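Q: Provided herewith is a single structure, encoded as structure tokens, for subsequent inquiry.
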Amino acid sequence: MSFHCAAISFRSNSLEPSICFINEATNKRRTLQKRINLAAPSKLCTDFLSHDSPEPTNKPCFCGRRHFIEASTLGTALFPIQPSVATGPCSDYTAVLKKFHPPRPDWYEEFYAGVMNSATESYEAEVARYKSQIFSNLKGKKGLRILEIGIGTGPNLSYYAIGSDVEVVGIDPNPKMEKYARSSASSVGLPPSNFEFIQAVGEVIPLTDASVDAVVGTLVLCSVKDVDMTLKEVRRVLRPGGLYMFVEHVAAKDGTFLNFMQRVLDPLQQTLADGCHLSRETGNNISRAGFSGVELNLAFLSSATFINPHAYGVAYK
């Protein structure tokens, strides 16, 4: 799921990034301060309070996912499982996967994983400069626990998983990605004991509250079923002061030919690219998700498709 947007080709001139707030609907910008004070996160119900929560609330828990998470067989050697609040009937995690990521044919998931492993070199080469910028925030930090949502074949591991003191858990709804992700982890020198792959979705992350130092997500929010729910989960699993590092393609400026084509091709893209949406205003979702600060940058990639522009940056819990 790390790069689920490879169906339609388009070329445009590369632009230098700038720190700004992007309203994808109008493409209007306003410069952000280094750290922006946004809305404080809402409290969870008593059953799912993080360890540093000051007090429980009286809000009822809609559905104790604890029961079906405990019953699941997902590997959790590095991170004990404890789900967050969710609505819907209680069941096991297989039901959660089916709800947010309906089953694909086995041949399709195998084919898609193979394509993602072999057909993204030009994209990764061009986006490397922007990824290097955001992952530089982790330099010099030891003993980190990092979650990557939509880890896919693991192209980001070379930026942050070098060293034996880093622990990584990667989640992806496509189990066929695991062998490629493990190969990528091995190639950067990450010990097998420090890497965990879990078949899971971003809307229901099977980790405890405040259990990771950083969350990584690149080209993921285009294909999740619920963007805001995924961002709430990101905030939940982050420790205080933790970082969310992202690269996401967003809708082009309203009234442009590119925006028109994105909306025309959106249904086809969703079919060909595992649910990827071309016209989501993801930068706005991140900015209003309740992080204490957001640094959001904008760039166009000449090697990309109609999946331009790209919003990338860091959000702080």
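Just remember, in the structure tokens the first chain shown is A, the second B, etc., residues are 1-based per chain, and ligands are 1-based in the order shown.
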Give me the residues within 9 Å of Val250 in chain A as an mmCIF file with N, CA, C and O atoms, in the first residue's frame, counting only C-alpha atoms and dropping any in the same chain fewer than 3 places off.

A:
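So the final result, stored in part06.cif, reads:
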data_model
loop_
_atom_site.group_PDB
_atom_site.id
_atom_site.type_symbol
_atom_site.label_atom_id
_atom_site.label_comp_id
_atom_site.auth_asym_id
_atom_site.auth_seq_id
_atom_site.Cartn_x
_atom_site.Cartn_y
_atom_site.Cartn_z
ATOM 1 N N GLU A 24 -6.628 22.109 -1.162
ATOM 2 C CA GLU A 24 -6.637 21.510 -2.478
ATOM 3 C C GLU A 24 -7.842 21.931 -3.293
ATOM 4 O O GLU A 24 -7.831 21.885 -4.517
ATOM 5 N N CYS A 222 -4.592 7.865 0.180
ATOM 6 C CA CYS A 222 -5.357 7.880 -1.067
ATOM 7 C C CYS A 222 -6.229 6.645 -1.190
ATOM 8 O O CYS A 222 -7.227 6.658 -1.906
ATOM 9 N N HIS A 277 -7.640 6.946 -4.742
ATOM 10 C CA HIS A 277 -8.457 8.080 -5.187
ATOM 11 C C HIS A 277 -7.539 9.199 -5.691
ATOM 12 O O HIS A 277 -6.579 9.571 -5.011
ATOM 13 N N LEU A 278 -7.868 9.754 -6.841
ATOM 14 C CA LEU A 278 -7.037 10.820 -7.419
ATOM 15 C C LEU A 278 -7.366 12.202 -6.880
ATOM 16 O O LEU A 278 -6.534 13.108 -6.974
ATOM 17 N N SER A 279 -8.558 12.395 -6.338
ATOM 18 C CA SER A 279 -9.023 13.756 -6.069
ATOM 19 C C SER A 279 -9.279 14.043 -4.589
ATOM 20 O O SER A 279 -10.051 14.936 -4.258
ATOM 21 N N ARG A 280 -8.628 13.326 -3.705
ATOM 22 C CA ARG A 280 -8.795 13.605 -2.274
ATOM 23 C C ARG A 280 -7.980 14.830 -1.860
ATOM 24 O O ARG A 280 -6.868 15.041 -2.341
ATOM 25 N N GLU A 281 -8.526 15.600 -0.920
ATOM 26 C CA GLU A 281 -7.850 16.786 -0.399
ATOM 27 C C GLU A 281 -7.177 16.419 0.920
ATOM 28 O O GLU A 281 -7.481 16.944 1.988
ATOM 29 N N THR A 282 -6.213 15.518 0.836
ATOM 30 C CA THR A 282 -5.620 14.897 2.019
ATOM 31 C C THR A 282 -4.837 15.877 2.880
ATOM 32 O O THR A 282 -4.771 15.713 4.096
ATOM 33 N N GLY A 283 -4.235 16.886 2.271
ATOM 34 C CA GLY A 283 -3.509 17.877 3.052
ATOM 35 C C GLY A 283 -4.407 18.557 4.070
ATOM 36 O O GLY A 283 -4.004 18.817 5.212
ATOM 37 N N ILE A 307 -1.323 11.808 -10.545
ATOM 38 C CA ILE A 307 -1.290 11.893 -9.080
ATOM 39 C C ILE A 307 -0.349 13.026 -8.658
ATOM 40 O O ILE A 307 0.670 12.832 -8.033
ATOM 41 N N ASN A 308 -0.722 14.230 -9.009
ATOM 42 C CA ASN A 308 -0.003 15.446 -8.660
ATOM 43 C C ASN A 308 -1.008 16.511 -8.255
ATOM 44 O O ASN A 308 -2.134 16.511 -8.766
ATOM 45 N N PRO A 309 -0.595 17.406 -7.330
ATOM 46 C CA PRO A 309 0.707 17.494 -6.663
ATOM 47 C C PRO A 309 0.812 16.526 -5.491
ATOM 48 O O PRO A 309 -0.133 15.826 -5.155
ATOM 49 N N HIS A 310 2.014 16.528 -4.864
ATOM 50 C CA HIS A 310 2.266 15.718 -3.673
ATOM 51 C C HIS A 310 2.379 16.637 -2.449
ATOM 52 O O HIS A 310 3.078 17.661 -2.503
ATOM 53 N N ALA A 311 1.697 16.274 -1.390
ATOM 54 C CA ALA A 311 1.865 16.948 -0.102
ATOM 55 C C ALA A 311 2.758 16.065 0.765
ATOM 56 O O ALA A 311 2.511 14.868 0.892
#

Q: Find the residues near Leu97 in chain A: any atom within 9 Å, counting only C-alpha atoms, skip ones fewer than 3 places away on the same chain, and give them as a list of chain:residue names.

A: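 Those residues are A:Tyr93, A:Thr94, A:Phe100, A:His101, A:Pro102, A:Pro103, A:Pro173, A:Gln199, A:Ala200, A:Val201, A:Val204.
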
Q: For those residues, write all heavy atoms to a file as a PDB file, in the first residue's frame.

A:
ATOM      1  N   TYR A  93     -10.527  -9.783  13.958  1.00  0.00           N
ATOM      2  CA  TYR A  93      -9.888  -8.800  13.076  1.00  0.00           C
ATOM      3  C   TYR A  93     -10.099  -9.135  11.606  1.00  0.00           C
ATOM      4  O   TYR A  93      -9.995  -8.259  10.749  1.00  0.00           O
ATOM      5  CB  TYR A  93      -8.397  -8.692  13.397  1.00  0.00           C
ATOM      6  CG  TYR A  93      -7.805  -7.382  12.920  1.00  0.00           C
ATOM      7  CD1 TYR A  93      -7.908  -6.237  13.698  1.00  0.00           C
ATOM      8  CD2 TYR A  93      -7.179  -7.285  11.683  1.00  0.00           C
ATOM      9  CE1 TYR A  93      -7.402  -5.038  13.265  1.00  0.00           C
ATOM     10  CE2 TYR A  93      -6.657  -6.079  11.240  1.00  0.00           C
ATOM     11  CZ  TYR A  93      -6.776  -4.955  12.032  1.00  0.00           C
ATOM     12  OH  TYR A  93      -6.283  -3.764  11.589  1.00  0.00           O
ATOM     13  N   THR A  94     -10.408 -10.364  11.294  1.00  0.00           N
ATOM     14  CA  THR A  94     -10.720 -10.718   9.909  1.00  0.00           C
ATOM     15  C   THR A  94     -11.923  -9.930   9.422  1.00  0.00           C
ATOM     16  O   THR A  94     -11.959  -9.460   8.277  1.00  0.00           O
ATOM     17  CB  THR A  94     -11.003 -12.229   9.793  1.00  0.00           C
ATOM     18  OG1 THR A  94      -9.852 -12.955  10.218  1.00  0.00           O
ATOM     19  CG2 THR A  94     -11.336 -12.605   8.363  1.00  0.00           C
ATOM     20  N   PHE A 100     -12.925  -2.842   5.883  1.00  0.00           N
ATOM     21  CA  PHE A 100     -12.167  -1.711   5.372  1.00  0.00           C
ATOM     22  C   PHE A 100     -11.340  -2.040   4.129  1.00  0.00           C
ATOM     23  O   PHE A 100     -10.906  -1.131   3.417  1.00  0.00           O
ATOM     24  CB  PHE A 100     -11.249  -1.154   6.466  1.00  0.00           C
ATOM     25  CG  PHE A 100     -11.992  -0.491   7.584  1.00  0.00           C
ATOM     26  CD1 PHE A 100     -12.190  -1.134   8.793  1.00  0.00           C
ATOM     27  CD2 PHE A 100     -12.533   0.775   7.425  1.00  0.00           C
ATOM     28  CE1 PHE A 100     -12.895  -0.535   9.829  1.00  0.00           C
ATOM     29  CE2 PHE A 100     -13.237   1.394   8.442  1.00  0.00           C
ATOM     30  CZ  PHE A 100     -13.420   0.740   9.651  1.00  0.00           C
ATOM     31  N   HIS A 101     -11.108  -3.308   3.892  1.00  0.00           N
ATOM     32  CA  HIS A 101     -10.348  -3.719   2.707  1.00  0.00           C
ATOM     33  C   HIS A 101     -10.939  -5.039   2.207  1.00  0.00           C
ATOM     34  O   HIS A 101     -10.427  -6.109   2.511  1.00  0.00           O
ATOM     35  CB  HIS A 101      -8.863  -3.890   3.052  1.00  0.00           C
ATOM     36  CG  HIS A 101      -7.986  -4.101   1.854  1.00  0.00           C
ATOM     37  ND1 HIS A 101      -7.570  -3.068   1.035  1.00  0.00           N
ATOM     38  CD2 HIS A 101      -7.446  -5.228   1.327  1.00  0.00           C
ATOM     39  CE1 HIS A 101      -6.806  -3.541   0.077  1.00  0.00           C
ATOM     40  NE2 HIS A 101      -6.721  -4.853   0.223  1.00  0.00           N
ATOM     41  N   PRO A 102     -12.037  -4.954   1.450  1.00  0.00           N
ATOM     42  CA  PRO A 102     -12.694  -6.177   0.975  1.00  0.00           C
ATOM     43  C   PRO A 102     -11.695  -7.104   0.278  1.00  0.00           C
ATOM     44  O   PRO A 102     -10.778  -6.652  -0.396  1.00  0.00           O
ATOM     45  CB  PRO A 102     -13.733  -5.639  -0.017  1.00  0.00           C
ATOM     46  CG  PRO A 102     -14.023  -4.247   0.452  1.00  0.00           C
ATOM     47  CD  PRO A 102     -12.715  -3.737   0.980  1.00  0.00           C
ATOM     48  N   PRO A 103     -11.857  -8.398   0.481  1.00  0.00           N
ATOM     49  CA  PRO A 103     -10.893  -9.361  -0.071  1.00  0.00           C
ATOM     50  C   PRO A 103     -10.732  -9.241  -1.577  1.00  0.00           C
ATOM     51  O   PRO A 103     -11.710  -9.081  -2.309  1.00  0.00           O
ATOM     52  CB  PRO A 103     -11.511 -10.715   0.311  1.00  0.00           C
ATOM     53  CG  PRO A 103     -12.400 -10.425   1.470  1.00  0.00           C
ATOM     54  CD  PRO A 103     -12.932  -9.053   1.245  1.00  0.00           C
ATOM     55  N   PRO A 173      -2.773  -4.288   4.343  1.00  0.00           N
ATOM     56  CA  PRO A 173      -3.863  -5.248   4.182  1.00  0.00           C
ATOM     57  C   PRO A 173      -3.562  -6.360   3.183  1.00  0.00           C
ATOM     58  O   PRO A 173      -4.260  -7.366   3.157  1.00  0.00           O
ATOM     59  CB  PRO A 173      -5.027  -4.370   3.700  1.00  0.00           C
ATOM     60  CG  PRO A 173      -4.370  -3.220   3.025  1.00  0.00           C
ATOM     61  CD  PRO A 173      -3.131  -2.963   3.814  1.00  0.00           C
ATOM     62  N   GLN A 199      -0.821  -8.044   8.916  1.00  0.00           N
ATOM     63  CA  GLN A 199      -1.869  -7.757   7.953  1.00  0.00           C
ATOM     64  C   GLN A 199      -2.960  -6.986   8.683  1.00  0.00           C
ATOM     65  O   GLN A 199      -3.698  -7.525   9.507  1.00  0.00           O
ATOM     66  CB  GLN A 199      -2.438  -9.043   7.356  1.00  0.00           C
ATOM     67  CG  GLN A 199      -3.457  -8.772   6.254  1.00  0.00           C
ATOM     68  CD  GLN A 199      -4.124 -10.034   5.743  1.00  0.00           C
ATOM     69  OE1 GLN A 199      -3.911 -11.125   6.277  1.00  0.00           O
ATOM     70  NE2 GLN A 199      -4.938  -9.905   4.703  1.00  0.00           N
ATOM     71  N   ALA A 200      -3.050  -5.704   8.381  1.00  0.00           N
ATOM     72  CA  ALA A 200      -3.968  -4.828   9.107  1.00  0.00           C
ATOM     73  C   ALA A 200      -4.255  -3.595   8.272  1.00  0.00           C
ATOM     74  O   ALA A 200      -3.591  -3.328   7.265  1.00  0.00           O
ATOM     75  CB  ALA A 200      -3.379  -4.440  10.465  1.00  0.00           C
ATOM     76  N   VAL A 201      -5.232  -2.821   8.726  1.00  0.00           N
ATOM     77  CA  VAL A 201      -5.624  -1.591   8.033  1.00  0.00           C
ATOM     78  C   VAL A 201      -5.371  -0.383   8.922  1.00  0.00           C
ATOM     79  O   VAL A 201      -5.332  -0.485  10.150  1.00  0.00           O
ATOM     80  CB  VAL A 201      -7.114  -1.646   7.625  1.00  0.00           C
ATOM     81  CG1 VAL A 201      -7.341  -2.677   6.535  1.00  0.00           C
ATOM     82  CG2 VAL A 201      -8.008  -1.923   8.835  1.00  0.00           C
ATOM     83  N   VAL A 204      -7.966   0.745  11.763  1.00  0.00           N
ATOM     84  CA  VAL A 204      -8.001   0.000  13.026  1.00  0.00           C
ATOM     85  C   VAL A 204      -6.601  -0.574  13.247  1.00  0.00           C
ATOM     86  O   VAL A 204      -6.325  -1.710  12.893  1.00  0.00           O
ATOM     87  CB  VAL A 204      -9.047  -1.142  12.997  1.00  0.00           C
ATOM     88  CG1 VAL A 204      -9.164  -1.787  14.374  1.00  0.00           C
ATOM     89  CG2 VAL A 204     -10.406  -0.636  12.536  1.00  0.00           C
TER      90      VAL A 204
END

Q: Using backbone DSSP assignments, extract all strand (DSSP E or B) residues from range 230-276 of chain A; output them as a list in words.

A: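 Everything in range 230-276 of chain A that counts as strand (DSSP E or B) is Leu238, Arg239, Pro240, Gly241, Gly242, Leu243, Tyr244, Met245, Phe246, Val247, Glu248 and His249 of chain A.
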
Q: Got time to write the residues from that selection, N, CA, C and O atoms, as a CSV table (one decimal), in the first residue's frame?

A:
chain,number,residue,atom,x,y,z
A,238,LEU,N,0.7,7.2,18.6
A,238,LEU,CA,2.0,8.0,18.8
A,238,LEU,C,2.1,8.4,20.3
A,238,LEU,O,1.2,8.7,21.0
A,239,ARG,N,3.4,8.3,20.7
A,239,ARG,CA,3.7,8.8,22.1
A,239,ARG,C,3.7,10.4,22.0
A,239,ARG,O,3.8,11.0,21.0
A,240,PRO,N,3.5,11.0,23.2
A,240,PRO,CA,3.6,12.5,23.2
A,240,PRO,C,4.9,13.0,22.6
A,240,PRO,O,6.0,12.5,22.9
A,241,GLY,N,4.8,13.9,21.7
A,241,GLY,CA,6.0,14.4,21.0
A,241,GLY,C,6.4,13.6,19.8
A,241,GLY,O,7.3,13.9,19.2
A,242,GLY,N,5.6,12.5,19.5
A,242,GLY,CA,5.9,11.7,18.4
A,242,GLY,C,5.7,12.3,17.1
A,242,GLY,O,5.0,13.4,17.0
A,243,LEU,N,6.3,11.8,16.0
A,243,LEU,CA,6.2,12.3,14.7
A,243,LEU,C,5.4,11.5,13.7
A,243,LEU,O,5.5,10.2,13.8
A,244,TYR,N,4.6,12.1,12.9
A,244,TYR,CA,4.0,11.4,11.8
A,244,TYR,C,4.5,12.0,10.5
A,244,TYR,O,4.4,13.2,10.2
A,245,MET,N,5.2,11.2,9.7
A,245,MET,CA,5.9,11.6,8.5
A,245,MET,C,5.1,11.1,7.3
A,245,MET,O,4.9,9.9,7.2
A,246,PHE,N,4.8,11.9,6.4
A,246,PHE,CA,3.9,11.6,5.3
A,246,PHE,C,4.3,12.1,3.9
A,246,PHE,O,5.0,13.1,3.8
A,247,VAL,N,3.9,11.4,2.9
A,247,VAL,CA,4.0,11.8,1.5
A,247,VAL,C,2.7,11.3,0.9
A,247,VAL,O,2.4,10.1,0.8
A,248,GLU,N,1.8,12.2,0.4
A,248,GLU,CA,0.5,11.9,-0.1
A,248,GLU,C,0.2,12.7,-1.3
A,248,GLU,O,0.5,13.9,-1.4
A,249,HIS,N,-0.3,12.1,-2.4
A,249,HIS,CA,-0.7,12.9,-3.5
A,249,HIS,C,-2.1,13.5,-3.2
A,249,HIS,O,-2.9,12.9,-2.5

Q: I'd like the contact shell of Leu265 in chain A - 10 Å cut-off, only C-alpha atoms, skipping same-chain residues fewer than 2 positions apart - returned as number ranges by chain.

A: A: 8, 259-263, 267-270, 277-279, 306

Q: If DSSP is run on the backbone, what residues of range 255-300 of chain A are helix (DSSP H, G or I)? A reply as a PyMOL selection string would be ideal.

A: chain A and resi 257-272+282-287

Q: With N, CA, C and O atoms retained, write the just-selected residues as a PDB file, in the first residue's frame.

A:
ATOM      1  N   PHE A 257      -7.102  21.811 -15.846  1.00  0.00           N
ATOM      2  CA  PHE A 257      -7.299  20.608 -16.654  1.00  0.00           C
ATOM      3  C   PHE A 257      -6.908  19.366 -15.867  1.00  0.00           C
ATOM      4  O   PHE A 257      -7.569  18.322 -15.972  1.00  0.00           O
ATOM      5  N   LEU A 258      -5.835  19.480 -15.065  1.00  0.00           N
ATOM      6  CA  LEU A 258      -5.387  18.342 -14.268  1.00  0.00           C
ATOM      7  C   LEU A 258      -6.465  17.914 -13.285  1.00  0.00           C
ATOM      8  O   LEU A 258      -6.756  16.723 -13.135  1.00  0.00           O
ATOM      9  N   ASN A 259      -7.093  18.870 -12.626  1.00  0.00           N
ATOM     10  CA  ASN A 259      -8.154  18.539 -11.682  1.00  0.00           C
ATOM     11  C   ASN A 259      -9.335  17.890 -12.397  1.00  0.00           C
ATOM     12  O   ASN A 259      -9.929  16.920 -11.895  1.00  0.00           O
ATOM     13  N   PHE A 260      -9.670  18.414 -13.562  1.00  0.00           N
ATOM     14  CA  PHE A 260     -10.763  17.847 -14.347  1.00  0.00           C
ATOM     15  C   PHE A 260     -10.475  16.393 -14.696  1.00  0.00           C
ATOM     16  O   PHE A 260     -11.326  15.515 -14.540  1.00  0.00           O
ATOM     17  N   MET A 261      -9.257  16.121 -15.158  1.00  0.00           N
ATOM     18  CA  MET A 261      -8.890  14.767 -15.535  1.00  0.00           C
ATOM     19  C   MET A 261      -8.848  13.840 -14.324  1.00  0.00           C
ATOM     20  O   MET A 261      -9.215  12.660 -14.419  1.00  0.00           O
ATOM     21  N   GLN A 262      -8.400  14.355 -13.179  1.00  0.00           N
ATOM     22  CA  GLN A 262      -8.397  13.538 -11.969  1.00  0.00           C
ATOM     23  C   GLN A 262      -9.805  13.065 -11.622  1.00  0.00           C
ATOM     24  O   GLN A 262     -10.012  11.900 -11.258  1.00  0.00           O
ATOM     25  N   ARG A 263     -10.769  13.945 -11.727  1.00  0.00           N
ATOM     26  CA  ARG A 263     -12.134  13.579 -11.374  1.00  0.00           C
ATOM     27  C   ARG A 263     -12.743  12.627 -12.407  1.00  0.00           C
ATOM     28  O   ARG A 263     -13.521  11.732 -12.054  1.00  0.00           O
ATOM     29  N   VAL A 264     -12.391  12.811 -13.671  1.00  0.00           N
ATOM     30  CA  VAL A 264     -12.887  11.911 -14.711  1.00  0.00           C
ATOM     31  C   VAL A 264     -12.305  10.507 -14.539  1.00  0.00           C
ATOM     32  O   VAL A 264     -13.001   9.495 -14.681  1.00  0.00           O
ATOM     33  N   LEU A 265     -11.009  10.456 -14.235  1.00  0.00           N
ATOM     34  CA  LEU A 265     -10.312   9.174 -14.169  1.00  0.00           C
ATOM     35  C   LEU A 265     -10.372   8.506 -12.803  1.00  0.00           C
ATOM     36  O   LEU A 265      -9.920   7.371 -12.647  1.00  0.00           O
ATOM     37  N   ASP A 266     -10.936   9.187 -11.810  1.00  0.00           N
ATOM     38  CA  ASP A 266     -10.945   8.669 -10.444  1.00  0.00           C
ATOM     39  C   ASP A 266     -11.557   7.262 -10.333  1.00  0.00           C
ATOM     40  O   ASP A 266     -10.966   6.378  -9.712  1.00  0.00           O
ATOM     41  N   PRO A 267     -12.721   7.011 -10.925  1.00  0.00           N
ATOM     42  CA  PRO A 267     -13.292   5.651 -10.808  1.00  0.00           C
ATOM     43  C   PRO A 267     -12.387   4.582 -11.412  1.00  0.00           C
ATOM     44  O   PRO A 267     -12.236   3.497 -10.843  1.00  0.00           O
ATOM     45  N   LEU A 268     -11.782   4.886 -12.563  1.00  0.00           N
ATOM     46  CA  LEU A 268     -10.881   3.929 -13.185  1.00  0.00           C
ATOM     47  C   LEU A 268      -9.648   3.692 -12.320  1.00  0.00           C
ATOM     48  O   LEU A 268      -9.196   2.552 -12.155  1.00  0.00           O
ATOM     49  N   GLN A 269      -9.117   4.769 -11.748  1.00  0.00           N
ATOM     50  CA  GLN A 269      -7.944   4.642 -10.886  1.00  0.00           C
ATOM     51  C   GLN A 269      -8.235   3.772  -9.668  1.00  0.00           C
ATOM     52  O   GLN A 269      -7.411   2.944  -9.267  1.00  0.00           O
ATOM     53  N   GLN A 270      -9.402   3.938  -9.084  1.00  0.00           N
ATOM     54  CA  GLN A 270      -9.760   3.127  -7.927  1.00  0.00           C
ATOM     55  C   GLN A 270      -9.805   1.640  -8.272  1.00  0.00           C
ATOM     56  O   GLN A 270      -9.408   0.798  -7.472  1.00  0.00           O
ATOM     57  N   THR A 271     -10.240   1.341  -9.482  1.00  0.00           N
ATOM     58  CA  THR A 271     -10.323  -0.055  -9.921  1.00  0.00           C
ATOM     59  C   THR A 271      -8.941  -0.629 -10.215  1.00  0.00           C
ATOM     60  O   THR A 271      -8.623  -1.755  -9.812  1.00  0.00           O
ATOM     61  N   LEU A 272      -8.102   0.143 -10.898  1.00  0.00           N
ATOM     62  CA  LEU A 272      -6.808  -0.371 -11.336  1.00  0.00           C
ATOM     63  C   LEU A 272      -5.733  -0.308 -10.255  1.00  0.00           C
ATOM     64  O   LEU A 272      -4.779  -1.081 -10.295  1.00  0.00           O
ATOM     65  N   THR A 282      -6.213  15.518   0.836  1.00  0.00           N
ATOM     66  CA  THR A 282      -5.620  14.897   2.019  1.00  0.00           C
ATOM     67  C   THR A 282      -4.837  15.877   2.880  1.00  0.00           C
ATOM     68  O   THR A 282      -4.771  15.713   4.096  1.00  0.00           O
ATOM     69  N   GLY A 283      -4.235  16.886   2.271  1.00  0.00           N
ATOM     70  CA  GLY A 283      -3.509  17.877   3.052  1.00  0.00           C
ATOM     71  C   GLY A 283      -4.407  18.557   4.070  1.00  0.00           C
ATOM     72  O   GLY A 283      -4.004  18.817   5.212  1.00  0.00           O
ATOM     73  N   ASN A 284      -5.638  18.841   3.668  1.00  0.00           N
ATOM     74  CA  ASN A 284      -6.592  19.448   4.596  1.00  0.00           C
ATOM     75  C   ASN A 284      -6.943  18.502   5.730  1.00  0.00           C
ATOM     76  O   ASN A 284      -7.085  18.917   6.892  1.00  0.00           O
ATOM     77  N   ASN A 285      -7.096  17.220   5.420  1.00  0.00           N
ATOM     78  CA  ASN A 285      -7.392  16.232   6.465  1.00  0.00           C
ATOM     79  C   ASN A 285      -6.292  16.195   7.511  1.00  0.00           C
ATOM     80  O   ASN A 285      -6.558  16.156   8.728  1.00  0.00           O
ATOM     81  N   ILE A 286      -5.043  16.192   7.056  1.00  0.00           N
ATOM     82  CA  ILE A 286      -3.916  16.138   7.990  1.00  0.00           C
ATOM     83  C   ILE A 286      -3.872  17.408   8.837  1.00  0.00           C
ATOM     84  O   ILE A 286      -3.646  17.358  10.055  1.00  0.00           O
ATOM     85  N   SER A 287      -4.103  18.553   8.213  1.00  0.00           N
ATOM     86  CA  SER A 287      -4.005  19.834   8.926  1.00  0.00           C
ATOM     87  C   SER A 287      -5.044  19.983  10.018  1.00  0.00           C
ATOM     88  O   SER A 287      -4.809  20.648  11.023  1.00  0.00           O
TER      89      SER A 287
END

Q: So which one's closest to Asp274 in chain A, A:Ser183, A:Val224, A:Leu144, A:Phe197? Using only C-alpha atoms, please.

A: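 Smallest distance to Asp274 in chain A is found for A:Val224.
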
Q: Kindly give the distance, in Å, that separates CA of Glu233 in chain A and CA of Gly202 in chain A, rounded to a single decimal.

A: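 Going from CA of Glu233 in chain A over to CA of Gly202 in chain A, I get 7.1 Å.
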
Q: Just the residues within 8 Å of Pro192 in chain A, please, counting only C-alpha atoms, with nothing from its chain fewer than 5 positions along; format it as a VMD selection string.

A: chain A and resid 182 185 to 186

Q: Residues of the last selection are to be written out with C-alpha atoms, as a CSV table (one decimal), in the first residue's frame.

A:
chain,number,residue,atom,x,y,z
A,182,ARG,CA,11.1,-8.5,4.8
A,185,ALA,CA,14.3,-4.9,5.8
A,186,SER,CA,17.1,-7.5,5.4

Q: Could you please determine the separation between CA of Asp226 in chain A and CA of Tyr112 in chain A in Å, to one decimal place?

A: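 Here the two named atoms are 21.8 Å from each other.
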
Q: Record the distance separating CA of Val294 in chain A and CA of Ala273 in chain A, expressed in Å with one decimal.

A: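 So the two atoms, CA of Val294 in chain A and CA of Ala273 in chain A, lie 28.4 Å apart.
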
Q: Extract, using only C-alpha atoms, all DNA, RNA and protein residues at most 7 Å from range 145-149 of chain A, discarding same-chain residues fewer than 6 positions from it, and format them as a ChimeraX atom specification.

A: /A:166-172,202,212-217

Q: Write to file, as a short mmCIF file (atom, residue, chain, number, x, y, z; two decimals), in the first residue's frame, the residues of the selection just made, with N, CA, C and O atoms.

A:
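File again_21.cif, as written:
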data_model
loop_
_atom_site.label_atom_id
_atom_site.label_comp_id
_atom_site.auth_asym_id
_atom_site.auth_seq_id
_atom_site.Cartn_x
_atom_site.Cartn_y
_atom_site.Cartn_z
N VAL A 166 16.77 -0.05 16.00
CA VAL A 166 15.46 0.41 15.55
C VAL A 166 14.50 -0.77 15.50
O VAL A 166 14.86 -1.85 15.02
N GLU A 167 13.30 -0.58 16.03
CA GLU A 167 12.27 -1.60 15.96
C GLU A 167 11.16 -1.10 15.04
O GLU A 167 10.69 0.03 15.19
N VAL A 168 10.75 -1.92 14.10
CA VAL A 168 9.78 -1.51 13.09
C VAL A 168 8.63 -2.50 13.05
O VAL A 168 8.84 -3.71 13.05
N VAL A 169 7.41 -1.97 13.02
CA VAL A 169 6.25 -2.79 12.71
C VAL A 169 5.60 -2.18 11.48
O VAL A 169 5.39 -0.98 11.40
N GLY A 170 5.36 -3.01 10.49
CA GLY A 170 4.73 -2.55 9.27
C GLY A 170 3.38 -3.22 9.10
O GLY A 170 3.26 -4.43 9.27
N ILE A 171 2.36 -2.42 8.79
CA ILE A 171 1.04 -3.00 8.55
C ILE A 171 0.65 -2.77 7.10
O ILE A 171 0.98 -1.74 6.50
N ASP A 172 -0.06 -3.73 6.54
CA ASP A 172 -0.57 -3.62 5.17
C ASP A 172 -1.69 -4.64 5.02
O ASP A 172 -1.59 -5.76 5.55
N GLY A 202 -5.22 0.78 8.29
CA GLY A 202 -4.93 2.00 9.03
C GLY A 202 -6.08 2.49 9.87
O GLY A 202 -5.88 3.19 10.87
N VAL A 212 4.40 3.98 19.97
CA VAL A 212 5.46 4.17 18.99
C VAL A 212 5.96 5.62 19.02
O VAL A 212 5.24 6.54 19.39
N ASP A 213 7.23 5.77 18.60
CA ASP A 213 7.84 7.10 18.57
C ASP A 213 7.54 7.84 17.28
O ASP A 213 7.59 9.08 17.24
N ALA A 214 7.28 7.11 16.21
CA ALA A 214 7.01 7.73 14.92
C ALA A 214 6.11 6.85 14.09
O ALA A 214 6.11 5.63 14.23
N VAL A 215 5.32 7.49 13.23
CA VAL A 215 4.49 6.78 12.27
C VAL A 215 4.85 7.28 10.88
O VAL A 215 5.01 8.48 10.66
N VAL A 216 5.01 6.35 9.96
CA VAL A 216 5.36 6.66 8.58
C VAL A 216 4.20 6.24 7.68
O VAL A 216 3.62 5.16 7.86
N GLY A 217 3.85 7.09 6.73
CA GLY A 217 2.82 6.74 5.75
C GLY A 217 3.07 7.46 4.44
O GLY A 217 3.07 8.68 4.40
#

Q: So, counting only C-alpha atoms, which residue among A:Val227, A:Ile134, A:Ala161, A:Leu219 is closest to Val314 in chain A?

A: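 Comparing A:Val227, A:Ile134, A:Ala161, A:Leu219 against Val314 in chain A, the winner is A:Ile134.
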
Q: Smallest atom-to-atom distance to Ile151 in chain A: which of A:Pro175, A:Pro206, A:Gly163, A:Gly189, using only C-alpha atoms?

A: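 Result for the nearest residue to Ile151 in chain A: A:Pro175.
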
Q: Of the candidates A:Leu190, A:Ala252, A:Ile162, A:Met229, which one gets nearest to Ala299 in chain A if we count only C-alpha atoms?

A: A:Ala252
